[in-house]
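*Asks:* Quick one: structure below, then a few questions.
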Amino acid sequence: MKVLIVEDEIHAREALEYLIDWDAHGVSDLLFAEDGQKALELLEREQPAIMFCDMRMPKMDGVTLLNTVKEREYDIKIIVISGHDDFRYTRAAIQAHGVDYILKPFKKHEVQQAFDKAVALCRMDTSRRIAEEEQGVRIREADRVLSEQKLYRWLSGQKARTPDVLRTFEKLGISGDGVCV
């Protein structure tokens, strides 16, 4: 799992870096950006699962970054860490489906709690995706077996509905015109 810390203040970046036991949560890469522009580059290239985001930064602020993340539909869990209790910032975090909004100066347990929640949400998403993929495989396999049964009935002269057989031919990429047994 990759985590991106978007923060222009070096001491805040370092504090976040040392507050959490990244290895214990399976974090393989810890990425850093000083502003929203650099963050977007890293989001595109590295596709982190979780992002800690400051709101007031040079070049591109957190509101613009969060709006862009929402527009581009990045699959990322967002934790906002800001020194400002500003409704505009809170609203941007909510609209981007942020996991939490933590005010600076932050406490270790607040950051840890928000990160634990984000990790749990990532794991739930992964489990759901795997379950959906497995269900898709089972559906495709059942469809294949059913198609084989329809063709077998048709080829063996058993009563088979011609439209079903023609749809099976279409699925296989075979033109049903002129096919005879």
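Here, A, B, ... name the chains of the structure tokens in the order displayed, residue numbers run from 1 inside each chain, and ligands are numbered from 1 in the same displayed order.
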Return as CSV the residues of stretch 68-167 of chain A lying at most 8 Å from stretch 48-55 of chain A, together with the closest atom-to-atom pair for each and the distance in Å to one decimal, counting only C-alpha atoms, with rows in chain order and ascending residue number.
*Replies:*
residue,atom,partner,partner_atom,distance
A:Asp75,CA,A:Ala49,CA,7.0
A:Ile76,CA,A:Ala49,CA,4.9
A:Lys77,CA,A:Ile50,CA,4.6
A:Ile78,CA,A:Met51,CA,4.9
A:Ile79,CA,A:Phe52,CA,4.7
A:Val80,CA,A:Cys53,CA,4.7
A:Ile81,CA,A:Asp54,CA,5.1
A:Ser82,CA,A:Asp54,CA,5.2
A:Tyr89,CA,A:Met55,CA,6.8
A:Ala118,CA,A:Ile50,CA,6.9
A:Val119,CA,A:Ile50,CA,7.8
A:Cys122,CA,A:Ala49,CA,7.0
*Asks:* Tell me, which residues of chain A carry DSSP alpha helix (DSSP H), written as a PyMOL selection string?
*Replies:* chain A and resi 10-19+36-46+62-72+87-95+108-155+162-172
*Asks:* Taking only residues of stretch 23-78 of chain A that have an atom at most 9 Å from an atom of stretch 1-19 of chain A, what is each one's shortest atom pair and its distance in Å to one decimal, using only C-alpha atoms, in chain and number order, as a Markdown table?
*Replies:*
| residue | atom | partner | partner_atom | distance |
| --- | --- | --- | --- | --- |
| A:His25 | CA | A:Met1 | CA | 8.4 |
| A:Gly26 | CA | A:Met1 | CA | 6.1 |
| A:Val27 | CA | A:Met1 | CA | 4.7 |
| A:Ser28 | CA | A:Met1 | CA | 5.4 |
| A:Asp29 | CA | A:Lys2 | CA | 4.7 |
| A:Leu30 | CA | A:Val3 | CA | 5.1 |
| A:Leu31 | CA | A:Leu4 | CA | 4.6 |
| A:Phe32 | CA | A:Ile5 | CA | 4.9 |
| A:Ala33 | CA | A:Val6 | CA | 4.7 |
| A:Glu34 | CA | A:Asp8 | CA | 4.2 |
| A:Asp35 | CA | A:Asp8 | CA | 6.1 |
| A:Gly36 | CA | A:Val6 | CA | 7.1 |
| A:Lys38 | CA | A:Val6 | CA | 8.5 |
| A:Ala39 | CA | A:Val6 | CA | 6.4 |
| A:Leu42 | CA | A:Leu4 | CA | 8.0 |
| A:Leu43 | CA | A:Leu4 | CA | 8.1 |
| A:Glu46 | CA | A:Lys2 | CA | 7.8 |
| A:Gln47 | CA | A:Lys2 | CA | 7.5 |
| A:Pro48 | CA | A:Lys2 | CA | 4.5 |
| A:Ala49 | CA | A:Lys2 | CA | 5.6 |
| A:Ile50 | CA | A:Val3 | CA | 4.9 |
| A:Met51 | CA | A:Leu4 | CA | 4.6 |
| A:Phe52 | CA | A:Ile5 | CA | 4.8 |
| A:Cys53 | CA | A:Val6 | CA | 4.8 |
| A:Asp54 | CA | A:Glu7 | CA | 5.2 |
| A:Met55 | CA | A:Glu7 | CA | 8.3 |
| A:Arg56 | CA | A:Asp8 | CA | 8.2 |
| A:Met57 | CA | A:Asp8 | CA | 5.8 |
| A:Pro58 | CA | A:Asp8 | CA | 7.5 |
| A:Gly62 | CA | A:Val6 | CA | 8.7 |
*Asks:* Within 10 Å of A:Lys171, counting only C-alpha atoms, which residues qualify if same-chain residues fewer than 5 places away don't, as a ChimeraX atom specification?
*Replies:* /A:144,147,165-166
*Asks:* Determine which residues of stretch 81-169 of chain A receive a DSSP assignment of strand (DSSP E), computed from the backbone, and state them as a PyMOL selection string.
*Replies:* chain A and resi 81-82+100-103
*Asks:* Hey, can you check how far atom CA of A:Asp61 sits from atom CA of A:Lys117?
*Replies:*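 That distance, rounded to one decimal, is 24.6 Å.
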*Asks:* Of the candidates A:Ile20, A:Ala92, A:Glu148, A:Arg128, which shows the shortest atom-to-atom distance to A:Lys107, using only C-alpha atoms?
*Replies:* A:Ile20
*Asks:* Any idea what the distance is between atom CA of A:Ala93 and atom CA of A:Glu44?
*Replies:*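 Atom CA of A:Glu44 lies 19.6 Å from atom CA of A:Ala93.
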*Asks:* Could you please determine the separation between atom CA of A:Gln158 and atom CA of A:Ser175 in Å, to one decimal place?
*Replies:*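 So the answer is 21.0 Å.
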*Asks:* Restricting the calculation to only C-alpha atoms: of A:Lys59, A:Ser127, A:Leu103, A:Leu40, which residue gets closest to A:Tyr74?
*Replies:*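 With only C-alpha atoms as the atom set, the closest residue is A:Leu40.
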*Asks:* Between A:Leu66, A:Met60, A:Ala114, A:Ile174, single out the one closest to A:Arg91, counting only C-alpha atoms.
*Replies:*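 Checking each of A:Leu66, A:Met60, A:Ala114, A:Ile174 against A:Arg91, counting only C-alpha atoms, the winner is A:Leu66.
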